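Q: Take a look at data.txt, compact mmCIF, C-alpha atoms:
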```txt
# COMPACT_ATOMS: atom_id res chain seq x y z
CA MET Y 29 -239.84 40.63 110.68
CA THR Y 30 -237.48 37.85 109.56
CA LYS Y 31 -234.31 37.70 111.62
CA PRO Y 32 -230.97 37.58 109.82
CA LYS Y 33 -229.22 34.22 109.75
CA LEU Y 34 -226.12 33.55 111.81
CA ARG Y 35 -224.19 30.57 110.51
CA ILE Y 36 -222.03 28.71 113.01
CA GLY Y 37 -218.91 26.66 112.30
CA LEU Y 38 -217.77 24.52 115.24
CA ILE Y 39 -214.25 23.08 115.55
CA GLY Y 40 -214.19 20.08 117.89
CA SER Y 41 -216.97 17.85 119.17
CA GLY Y 42 -215.63 16.68 122.52
CA PHE Y 43 -217.03 17.66 125.92
CA MET Y 44 -216.95 21.41 125.31
CA GLY Y 45 -217.87 21.11 121.62
CA ARG Y 46 -221.06 19.31 122.61
CA THR Y 47 -221.69 21.89 125.32
CA HIS Y 48 -221.46 24.71 122.77
CA ALA Y 49 -223.80 22.91 120.38
CA PHE Y 50 -226.32 22.41 123.19
CA GLY Y 51 -225.86 26.07 124.14
CA TYR Y 52 -226.86 27.29 120.68
CA ALA Y 53 -229.85 24.93 120.57
CA THR Y 54 -231.13 25.96 124.01
CA ALA Y 55 -230.45 29.69 123.56
CA SER Y 56 -232.44 29.68 120.31
CA ARG Y 57 -235.52 28.49 122.20
CA VAL Y 58 -235.15 30.24 125.53
CA PHE Y 59 -234.07 33.74 124.42
CA ASP Y 60 -235.42 36.17 121.85
CA LEU Y 61 -232.13 36.17 119.97
CA PRO Y 62 -231.30 38.81 117.36
CA TYR Y 63 -230.47 36.05 114.83
CA GLN Y 64 -231.82 32.86 113.39
CA VAL Y 65 -229.01 30.48 114.34
CA GLU Y 66 -227.94 27.84 111.82
CA LEU Y 67 -225.52 25.09 112.81
CA THR Y 68 -223.77 25.01 109.45
CA CYS Y 69 -220.59 22.97 109.68
CA LEU Y 70 -218.62 20.90 112.21
CA ALA Y 71 -214.91 20.08 111.89
CA ASP Y 72 -213.17 17.27 113.73
CA ILE Y 73 -210.02 15.15 113.63
CA SER Y 74 -211.35 12.70 111.01
CA ALA Y 75 -214.10 12.68 108.42
CA GLN Y 76 -215.93 9.90 110.26
CA ALA Y 77 -215.72 11.60 113.65
CA ALA Y 78 -216.92 14.87 112.15
CA ALA Y 79 -219.81 13.28 110.26
CA THR Y 80 -220.98 11.31 113.30
CA ALA Y 81 -220.86 14.37 115.56
CA ALA Y 82 -222.54 16.61 112.99
CA ALA Y 83 -225.45 14.20 112.65
CA ALA Y 84 -225.82 13.87 116.43
CA LEU Y 85 -225.56 17.60 117.17
CA GLY Y 86 -227.64 18.96 114.29
CA PHE Y 87 -225.01 20.44 111.98
CA ALA Y 88 -225.86 20.53 108.29
CA ARG Y 89 -222.48 19.24 107.14
CA SER Y 90 -219.02 18.29 108.35
CA THR Y 91 -215.33 18.30 107.45
CA ASP Y 92 -212.02 16.94 108.68
CA ASP Y 93 -210.26 20.17 107.63
CA TRP Y 94 -210.68 23.03 110.08
CA ARG Y 95 -209.03 25.42 107.61
CA ALA Y 96 -211.77 24.71 105.09
CA LEU Y 97 -214.34 25.56 107.75
CA VAL Y 98 -212.58 28.81 108.66
CA ASN Y 99 -212.46 29.94 105.02
CA ASP Y 100 -215.98 28.80 104.17
CA PRO Y 101 -217.91 31.88 102.94
CA GLU Y 102 -221.10 30.45 104.43
CA ILE Y 103 -219.71 30.60 107.98
CA ASP Y 104 -220.21 33.77 110.07
CA VAL Y 105 -218.87 32.67 113.46
CA VAL Y 106 -216.00 30.25 114.05
CA ASN Y 107 -216.44 28.44 117.36
CA ILE Y 108 -213.20 26.87 118.67
CA THR Y 109 -213.30 24.01 121.19
CA ALA Y 110 -210.10 22.29 120.05
CA PRO Y 111 -207.19 21.58 122.46
CA ASN Y 112 -205.62 24.69 123.99
CA ALA Y 113 -202.44 24.60 121.90
CA PHE Y 114 -204.44 25.07 118.67
CA HIS Y 115 -206.47 28.09 119.78
CA LYS Y 116 -204.06 30.73 118.49
CA GLU Y 117 -203.57 29.29 115.00
CA MET Y 118 -207.27 28.68 114.50
CA ALA Y 119 -208.40 32.03 115.90
CA LEU Y 120 -205.89 34.06 113.87
CA ALA Y 121 -206.92 32.21 110.71
CA ALA Y 122 -210.58 32.94 111.43
CA ILE Y 123 -209.86 36.60 112.14
CA ALA Y 124 -207.88 36.87 108.89
CA ALA Y 125 -210.91 35.40 107.10
CA GLY Y 126 -213.14 38.08 108.64
CA LYS Y 127 -215.05 35.73 110.92
CA HIS Y 128 -216.16 36.45 114.45
CA VAL Y 129 -214.58 34.05 116.93
CA TYR Y 130 -215.91 32.27 120.02
CA CYS Y 131 -213.09 30.35 121.72
CA GLU Y 132 -213.04 28.16 124.78
CA LYS Y 133 -210.71 29.08 127.60
CA PRO Y 134 -207.82 29.39 128.12
CA LEU Y 135 -207.48 31.75 125.19
CA ALA Y 136 -203.85 30.72 124.61
CA PRO Y 137 -201.07 29.09 126.63
CA LEU Y 138 -198.93 32.25 126.55
CA ALA Y 139 -199.95 35.83 127.31
CA ALA Y 140 -197.98 37.00 124.26
CA ASP Y 141 -200.13 34.72 122.08
CA ALA Y 142 -203.33 35.92 123.73
CA ARG Y 143 -202.26 39.53 123.17
CA GLU Y 144 -201.61 38.85 119.49
CA MET Y 145 -205.07 37.32 119.17
CA ALA Y 146 -206.80 40.19 120.98
CA GLU Y 147 -205.00 42.85 118.96
CA ALA Y 148 -205.70 41.09 115.66
CA ALA Y 149 -209.42 40.92 116.46
CA GLU Y 150 -209.59 44.55 117.56
CA ALA Y 151 -207.71 45.75 114.47
CA LYS Y 152 -210.28 44.12 112.17
CA GLY Y 153 -213.39 44.91 114.21
CA ILE Y 154 -213.96 41.23 114.97
CA ARG Y 155 -216.22 40.52 117.92
CA THR Y 156 -214.91 37.80 120.20
CA GLN Y 157 -215.92 35.65 123.14
CA VAL Y 158 -213.92 33.44 125.50
CA GLY Y 159 -215.84 30.61 127.15
CA PHE Y 160 -216.11 31.30 130.89
CA ASN Y 161 -219.69 30.16 131.33
CA TYR Y 162 -219.53 29.83 135.14
CA LEU Y 163 -219.71 33.63 135.16
CA CYS Y 164 -223.18 33.39 133.57
CA ASN Y 165 -224.72 31.90 136.71
CA PRO Y 166 -227.52 34.20 137.99
CA MET Y 167 -226.15 33.61 141.51
CA PHE Y 168 -222.87 35.21 140.44
CA ALA Y 169 -224.72 38.26 139.18
CA LEU Y 170 -226.62 38.43 142.47
CA ALA Y 171 -223.39 38.18 144.48
CA ARG Y 172 -221.83 40.95 142.39
CA ASP Y 173 -224.91 43.15 142.83
CA MET Y 174 -224.87 42.63 146.61
CA ILE Y 175 -221.17 43.52 146.76
CA MET Y 176 -221.67 46.63 144.63
CA ALA Y 177 -224.65 47.72 146.77
CA GLY Y 178 -222.45 47.61 149.87
CA GLU Y 179 -224.33 44.78 151.59
CA LEU Y 180 -221.00 43.24 152.61
CA GLY Y 181 -219.43 46.57 153.53
CA GLU Y 182 -215.75 47.05 152.71
CA ILE Y 183 -214.39 43.89 151.12
CA ARG Y 184 -211.50 42.42 153.10
CA GLY Y 185 -210.88 38.90 151.86
CA TYR Y 186 -211.50 36.39 149.07
CA ARG Y 187 -211.03 32.63 148.71
CA GLY Y 188 -211.55 30.85 145.40
CA LEU Y 189 -211.13 27.24 144.34
CA HIS Y 190 -211.61 25.15 141.23
CA ALA Y 191 -210.87 21.49 141.90
CA GLU Y 192 -211.49 18.32 139.88
CA ASP Y 193 -209.98 14.83 139.84
CA TYR Y 194 -209.77 13.95 136.13
CA MET Y 195 -205.94 13.82 136.33
CA ALA Y 196 -205.68 12.23 139.79
CA ASP Y 197 -204.82 8.73 138.54
CA ALA Y 198 -201.04 8.54 138.01
CA THR Y 199 -201.53 5.66 135.55
CA SER Y 200 -203.73 7.69 133.20
CA PRO Y 201 -201.89 8.44 129.94
CA PHE Y 202 -200.18 11.62 128.86
CA THR Y 203 -202.67 13.91 127.06
CA PHE Y 204 -202.65 17.32 125.38
CA ARG Y 205 -203.41 18.88 128.77
CA LEU Y 206 -199.98 17.80 130.02
CA ASP Y 207 -198.03 19.21 127.10
CA PRO Y 208 -196.23 22.46 128.04
CA ALA Y 209 -198.34 24.13 125.34
CA GLY Y 210 -201.46 23.04 127.22
CA GLY Y 211 -200.76 25.25 130.22
CA GLY Y 212 -201.28 22.99 133.25
CA ALA Y 213 -203.93 22.97 135.97
CA LEU Y 214 -203.70 26.68 136.74
CA ALA Y 215 -204.36 27.67 133.13
CA ASP Y 216 -206.87 24.91 132.42
CA ILE Y 217 -209.15 25.22 135.44
CA GLY Y 218 -207.49 27.74 137.75
CA SER Y 219 -208.35 30.31 135.07
CA HIS Y 220 -212.00 29.87 136.12
CA ALA Y 221 -211.10 30.73 139.71
CA LEU Y 222 -209.22 33.84 138.56
CA ALA Y 223 -212.03 34.98 136.25
CA THR Y 224 -214.55 34.57 139.06
CA ALA Y 225 -212.37 36.49 141.52
CA GLU Y 226 -212.01 39.51 139.25
CA TYR Y 227 -215.67 39.42 138.16
CA LEU Y 228 -216.91 39.50 141.75
CA MET Y 229 -214.25 41.63 143.42
CA GLY Y 230 -213.65 44.11 140.62
CA PRO Y 231 -216.43 46.62 141.37
CA ALA Y 232 -215.62 46.84 145.08
CA ALA Y 233 -212.04 45.72 145.66
CA GLY Y 234 -210.60 46.39 142.22
CA ALA Y 235 -208.41 44.20 140.09
CA ILE Y 236 -205.73 41.80 141.31
CA THR Y 237 -202.52 43.80 141.54
CA GLN Y 238 -199.99 41.37 143.06
CA VAL Y 239 -199.64 37.60 143.30
CA MET Y 240 -197.50 35.07 145.13
CA GLY Y 241 -197.70 31.75 143.32
CA ASP Y 242 -196.98 28.14 144.19
CA CYS Y 243 -197.35 25.79 141.22
CA VAL Y 244 -196.60 22.14 141.91
CA THR Y 245 -196.10 19.09 139.70
CA VAL Y 246 -197.11 16.07 141.77
CA ILE Y 247 -197.18 13.31 139.14
CA HIS Y 248 -193.85 13.69 137.35
CA GLU Y 249 -194.34 11.18 134.55
CA ARG Y 250 -197.23 9.52 132.75
CA PRO Y 251 -197.59 6.52 130.41
CA ASP Y 252 -196.98 7.64 126.83
CA GLY Y 253 -199.25 5.04 125.25
CA LYS Y 254 -196.28 3.34 123.55
CA GLY Y 255 -194.99 1.24 126.42
CA GLY Y 256 -192.86 3.99 127.95
CA THR Y 257 -193.36 7.14 129.97
CA ARG Y 258 -193.22 10.85 129.32
CA MET Y 259 -192.10 13.56 131.72
CA VAL Y 260 -194.70 16.03 132.94
CA GLN Y 261 -193.59 19.66 133.05
CA VAL Y 262 -196.83 21.45 133.89
CA ASP Y 263 -198.45 22.00 137.27
CA ASP Y 264 -201.00 19.61 138.77
CA ILE Y 265 -201.89 22.21 141.39
CA GLY Y 266 -201.58 25.97 140.98
CA ARG Y 267 -202.13 28.22 143.99
CA ALA Y 268 -201.68 31.92 144.58
CA PHE Y 269 -202.05 34.51 147.30
CA LEU Y 270 -203.65 37.66 145.91
CA ARG Y 271 -203.64 41.38 146.65
CA PHE Y 272 -206.37 43.61 145.27
CA GLU Y 273 -206.40 47.33 144.50
CA ASN Y 274 -208.33 48.29 147.63
CA GLY Y 275 -205.95 46.40 149.93
CA ALA Y 276 -208.08 43.28 150.24
CA THR Y 277 -206.20 39.99 150.15
CA GLY Y 278 -207.12 36.47 149.16
CA SER Y 279 -206.19 33.22 147.49
CA ILE Y 280 -207.15 30.96 144.58
CA GLU Y 281 -206.37 27.36 143.66
CA GLY Y 282 -206.65 25.31 140.49
CA ASN Y 283 -206.29 21.59 141.17
CA TRP Y 284 -206.93 18.70 138.75
CA ILE Y 285 -205.76 15.90 141.07
CA ALA Y 286 -208.29 16.60 143.86
CA THR Y 287 -209.41 13.02 144.50
CA GLY Y 288 -213.18 12.74 144.79
CA ARG Y 289 -213.94 16.18 143.37
CA THR Y 290 -215.69 15.86 140.02
CA MET Y 291 -216.57 19.56 140.00
CA GLN Y 292 -215.83 22.08 142.73
CA HIS Y 293 -215.88 25.76 141.85
CA ASP Y 294 -216.24 27.64 145.13
CA PHE Y 295 -215.76 31.14 146.52
CA GLU Y 296 -216.01 32.91 149.85
CA ILE Y 297 -216.01 36.70 150.20
CA TYR Y 298 -215.66 38.51 153.52
CA GLY Y 299 -216.53 42.14 154.21
CA THR Y 300 -216.91 44.41 157.21
CA ARG Y 301 -220.71 43.97 157.26
CA GLY Y 302 -221.29 40.53 155.81
CA ALA Y 303 -220.05 37.57 153.84
CA LEU Y 304 -220.98 35.33 150.89
CA ALA Y 305 -220.27 31.66 150.23
CA PHE Y 306 -220.92 29.59 147.09
CA THR Y 307 -220.17 26.10 145.82
CA GLN Y 308 -220.67 24.85 142.27
CA GLN Y 309 -221.86 21.55 143.72
CA ARG Y 310 -225.05 23.42 144.70
CA PHE Y 311 -224.83 26.17 142.15
CA ASN Y 312 -228.46 27.27 142.36
CA GLU Y 313 -227.76 28.59 145.87
CA LEU Y 314 -225.89 31.54 147.35
CA HIS Y 315 -225.27 31.77 151.11
CA PHE Y 316 -225.28 35.19 152.77
CA PHE Y 317 -224.24 36.21 156.29
CA SER Y 318 -225.38 39.62 157.51
CA GLY Y 319 -223.56 41.21 160.39
CA GLY Y 320 -226.73 43.22 161.08
CA ASP Y 321 -228.74 40.22 162.22
CA ALA Y 322 -229.77 40.17 165.88
CA ARG Y 323 -227.81 38.22 168.46
CA GLY Y 324 -228.99 34.66 168.53
CA ARG Y 325 -230.16 34.93 164.92
CA LYS Y 326 -226.83 35.15 163.19
CA GLY Y 327 -225.75 32.62 160.55
CA PHE Y 328 -225.45 32.05 156.82
CA ARG Y 329 -228.84 31.93 155.11
CA ARG Y 330 -229.54 30.25 151.79
CA ILE Y 331 -230.77 32.29 148.83
CA GLU Y 332 -232.35 29.98 146.27
CA ALA Y 333 -232.27 30.70 142.53
CA GLY Y 334 -235.61 31.58 140.96
CA PRO Y 335 -237.36 33.86 138.47
CA ASP Y 336 -236.29 36.91 140.49
CA HIS Y 337 -232.71 36.20 139.33
CA PRO Y 338 -232.68 36.80 135.55
CA PRO Y 339 -232.52 35.00 133.22
CA TYR Y 340 -233.63 32.04 135.37
CA GLY Y 341 -237.29 32.83 134.66
CA LEU Y 342 -236.83 32.30 130.92
CA PHE Y 343 -235.84 28.70 131.63
CA CYS Y 344 -238.38 27.91 134.36
CA VAL Y 345 -241.19 29.93 135.98
CA ALA Y 346 -240.84 28.13 139.32
CA PRO Y 347 -238.12 28.78 141.91
CA GLY Y 348 -236.07 25.88 143.22
CA HIS Y 349 -236.29 23.79 140.04
CA GLN Y 350 -232.72 24.71 139.15
CA LEU Y 351 -230.60 25.54 136.14
CA GLY Y 352 -227.94 23.15 134.81
CA PHE Y 353 -224.41 23.42 133.47
CA ASN Y 354 -225.52 23.51 129.82
CA ASP Y 355 -228.00 26.28 130.66
CA LEU Y 356 -225.06 28.49 131.69
CA LYS Y 357 -223.53 27.97 128.23
CA ALA Y 358 -226.87 28.94 126.65
CA ILE Y 359 -226.81 32.18 128.66
CA GLU Y 360 -223.24 32.79 127.46
CA VAL Y 361 -224.24 32.13 123.84
CA ALA Y 362 -227.15 34.57 124.11
CA GLY Y 363 -224.91 37.31 125.50
CA TYR Y 364 -222.41 36.87 122.70
CA LEU Y 365 -225.07 36.93 119.98
CA GLN Y 366 -226.48 40.13 121.47
CA ALA Y 367 -222.97 41.61 121.26
CA LEU Y 368 -222.69 40.55 117.61
CA ALA Y 369 -225.91 42.46 116.91
CA GLY Y 370 -224.57 45.57 118.65
CA GLN Y 371 -227.06 45.29 121.51
CA ARG Y 372 -224.43 45.10 124.26
CA PRO Y 373 -220.64 45.01 124.74
CA GLU Y 374 -218.81 41.72 124.34
CA PRO Y 375 -219.42 39.80 127.60
CA PHE Y 376 -215.90 38.29 127.77
CA SER Y 377 -213.77 39.33 124.83
CA PHE Y 378 -210.30 38.18 123.77
CA ARG Y 379 -208.99 41.23 125.63
CA ALA Y 380 -210.61 39.89 128.81
CA GLY Y 381 -209.16 36.46 128.03
CA LEU Y 382 -205.73 38.08 127.74
CA ARG Y 383 -206.20 39.54 131.22
CA ILE Y 384 -206.77 36.06 132.68
CA GLN Y 385 -203.78 34.60 130.85
CA THR Y 386 -201.64 37.48 132.13
CA LEU Y 387 -202.66 36.56 135.67
CA VAL Y 388 -201.84 32.88 135.04
CA GLU Y 389 -198.44 33.71 133.60
CA THR Y 390 -197.61 36.10 136.44
CA ILE Y 391 -198.49 33.40 138.99
CA HIS Y 392 -196.23 30.93 137.15
CA ASP Y 393 -193.41 33.49 137.18
CA SER Y 394 -193.95 34.14 140.87
CA SER Y 395 -193.85 30.43 141.68
CA ARG Y 396 -190.60 29.98 139.74
CA ASP Y 397 -188.92 32.96 141.44
CA ALA Y 398 -190.54 32.42 144.89
CA ALA Y 399 -191.40 36.12 145.05
CA TRP Y 400 -194.36 38.45 144.97
CA LYS Y 401 -195.01 39.76 141.45
CA ASP Y 402 -196.87 42.84 140.23
CA VAL Y 403 -199.55 42.07 137.66
CA ARG Y 404 -199.25 43.95 134.40
CA MET Y 405 -202.36 45.97 133.71
CA GLU Y 406 -203.31 45.39 130.08
CA GLY Y 407 -204.62 48.35 128.09
CA THR Y 408 -208.32 48.82 127.51
CA PRO Y 409 -209.72 47.36 124.28
CA ARG Y 410 -209.49 49.56 121.22
CA ALA Y 411 -212.76 50.54 119.61
CA PRO Y 412 -213.75 48.06 116.90
CA ALA Y 413 -213.47 49.09 113.28
CA ALA Y 414 -216.63 50.75 112.05
CA ARG Y 415 -219.12 48.50 110.29
CA GLU Y 416 -222.69 47.42 110.68
CA PRO Y 417 -222.99 44.51 113.15
CA ARG Y 418 -225.35 42.48 110.97
CA GLU Y 419 -223.36 43.14 107.84
CA ALA Y 420 -220.39 41.67 109.68
CA VAL Y 421 -222.12 38.34 110.06
CA GLY Y 422 -223.47 37.94 106.57
CA ALA Y 423 -226.99 39.24 107.08
```
Please render this file's structure as structure tokens.
A:
Amino acid sequence: MTKPKLRIGLIGSGFMGRTHAFGYATASRVFDLPYQVELTCLADISAQAAATAAAALGFARSTDDWRALVNDPEIDVVNITAPNAFHKEMALAAIAAGKHVYCEKPLAPLAADAREMAEAAEAKGIRTQVGFNYLCNPMFALARDMIMAGELGEIRGYRGLHAEDYMADATSPFTFRLDPAGGGALADIGSHALATAEYLMGPAAGAITQVMGDCVTVIHERPDGKGGTRMVQVDDIGRAFLRFENGATGSIEGNWIATGRTMQHDFEIYGTRGALAFTQQRFNELHFFSGGDARGRKGFRRIEAGPDHPPYGLFCVAPGHQLGFNDLKAIEVAGYLQALAGQRPEPFSFRAGLRIQTLVETIHDSSRDAAWKDVRMEGTPRAPAAREPREAVGA
């Protein structure tokens, strides 16, 4: 039986734009997707940049006008990998045009904007996805399963960290990431640490209920590219102490001036019966400590990713050969396409993206006021408007 076509329009061809394009290409070959994916159009800042990227990434055509892409009747899904400040305008335009929307994180710099985007999508029955592909690691699913099964006992503590050094050089120029509309380190990469914390802790310890933030600007001005400097108003490091529903406590950090760290996304979870430790620098491994081990035999043991940890086996039949960063995006793409076909709920919808932005904003507020803050609990997503999933994507 011929699968219906799903026509993709991608806005942006930078690091994450390329990652999304690779994700579609890999997912189409690794998974039995419900659609025949077509990379239809790519939009970028100039006609030349768009044409060059489209040719390299396998898109049929290109444009320098993202609005033309959004309103193109041949596009079913609008995929946004533009700078953070443009997410809201682009997503709302796509929703108004009746397109499903896949947007990189953070969903929007402000929680109010993220809420507007989530409510607009829910009102029109638009299926959405926010790009948090670290959550697609089979080792994360294993950790969550072990926590839910009680292998760690009652969860007491959590430590999470996302650290990189791409902004560590004080002489590097001012970029969109440093604009107040960009959000700062906590929103840009600390959001990953927050998403991971709630994904892992949620089933056992519940959601984050209170935060105490400390957001710090270390490099106060940057070259503006015109011979002068520009003041920096966003955080270079965002930290927070956390309290969870079950009484567990913890901390997270987002840091983009961590010299020497090209990619560090780590967590540690401590329970009454055991503990887990993970680092993105060896992200095909999960380390488990069991309090039930005999004296003289205690210690963290390495669990290595393999076919027993789905969907690893679809990529490689042999354990220890390892998945890569782009493979996680392919897993994310597959989950979203399954949601578009009505085969599963949205893996990480705009409503879930709003939750993360609410946490970020509450941490910023806490840092400003030097006080513990309660986290607003956003309402559950409204049921999508009734319509056939495949009809919604132009089948």
Q: In terms of the shortest atom-to-atom distance over only C-alpha atoms, which of Y:Phe295, Y:Arg95, Y:Pro251, Y:Ala380 is closest to Y:Thr199?
A: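 Of Y:Phe295, Y:Arg95, Y:Pro251, Y:Ala380, the one nearest Y:Thr199 is Y:Pro251, counting only C-alpha atoms.
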Q: Under the rule that all atoms listed in the file are counted, which of Y:Met240, Y:Ala369, Y:Ala113, Y:Ala303 is the nearest residue to Y:Leu138?
A: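 Checking each candidate against Y:Leu138, we get Y:Ala113 as the closest.
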Q: For Y:Arg35, which residue out of Y:Ala223, Y:Ala346, Y:Met145, Y:Val65 is the nearest one, using only C-alpha atoms?
A: Y:Val65
Q: Kindly provide, as a VMD selection string, the polymer residues lying within 7 Å of (-226.1, 22.6, 126.1), counting all atoms listed in the file and using the coordinates exactly as they appear in the file.
A: chain Y and resid 46 to 51 54 354 to 355 357 to 358
Q: Per residue of stretch 284-355 of chain Y within 12 Å of stretch 172-192 of chain Y, what are the shortest atom pair and its distance in Å to one decimal, counting all atoms listed in the file, with rows by chain and residue number, as CSV?
A:
```
residue,atom,partner,partner_atom,distance
Y:Trp284,CA,Y:Glu192,CA,4.7
Y:Ile285,CA,Y:Glu192,CA,6.3
Y:Ala286,CA,Y:Glu192,CA,5.4
Y:Thr287,CA,Y:Glu192,CA,7.3
Y:Gly288,CA,Y:Glu192,CA,7.6
Y:Arg289,CA,Y:Glu192,CA,4.8
Y:Thr290,CA,Y:Glu192,CA,4.9
Y:Met291,CA,Y:Glu192,CA,5.2
Y:Gln292,CA,Y:Ala191,CA,5.1
Y:His293,CA,Y:His190,CA,4.4
Y:Asp294,CA,Y:Leu189,CA,5.2
Y:Phe295,CA,Y:Gly188,CA,4.4
Y:Glu296,CA,Y:Arg187,CA,5.1
Y:Ile297,CA,Y:Tyr186,CA,4.7
Y:Tyr298,CA,Y:Gly185,CA,5.1
Y:Gly299,CA,Y:Ile183,CA,4.1
Y:Thr300,CA,Y:Gly181,CA,5.0
Y:Arg301,CA,Y:Leu180,CA,4.7
Y:Gly302,CA,Y:Leu180,CA,4.2
Y:Ala303,CA,Y:Leu180,CA,5.9
Y:Leu304,CA,Y:Leu180,CA,8.1
Y:Ala305,CA,Y:Arg187,CA,9.4
Y:Phe306,CA,Y:Gly188,CA,9.6
Y:Thr307,CA,Y:Leu189,CA,9.2
Y:Gln308,CA,Y:His190,CA,9.1
Y:Gln309,CA,Y:Ala191,CA,11.1
Y:Leu314,CA,Y:Met174,CA,11.2
Y:His315,CA,Y:Met174,CA,11.8
Y:Phe316,CA,Y:Leu180,CA,9.1
Y:Phe317,CA,Y:Leu180,CA,8.6
Y:Ser318,CA,Y:Leu180,CA,7.5
Y:Gly319,CA,Y:Leu180,CA,8.4
Y:Gly320,CA,Y:Glu179,CA,9.9
Y:His337,CA,Y:Asp173,CA,11.0
```
Q: Could you state the separation of atom CA of Y:Gly256 and atom CA of Y:Asn283 in Å, given to one decimal place?
A: 25.8 Å
Q: Which residue out of Y:Val246, Y:Val129, Y:Leu206, Y:Ala122 has the minimum interatomic distance to Y:Phe378 when all atoms listed in the file are used?
A: Y:Val129
Q: Just the number, please: distance in Å from atom CA of Y:Val239 to atom CA of Y:Gly212, one decimal.
A: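 One can read the atom CA of Y:Val239 to atom CA of Y:Gly212 distance as 17.8 Å.
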Q: What is the distance between atom CA of Y:Ala79 and atom CA of Y:Thr91, in Å to one decimal?
A: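 Going from atom CA of Y:Ala79 over to atom CA of Y:Thr91, I get 7.3 Å.
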Q: Using all atoms listed in the file, which of the listed residues (Y:Arg329, Y:Gln76, Y:Tyr63, Y:Ile36) sits closest to Y:Ala88?
A: Y:Ile36
Q: Taking 3 positions as the minimum chain separation for residues in the same chain, which residues sit within 12 Å of Y:Ala110 when counting all atoms listed in the file? Answer as a ChimeraX atom specification.
A: /Y:38-46,48,70-73,94,106-107,113-119,130-136,204-205,210
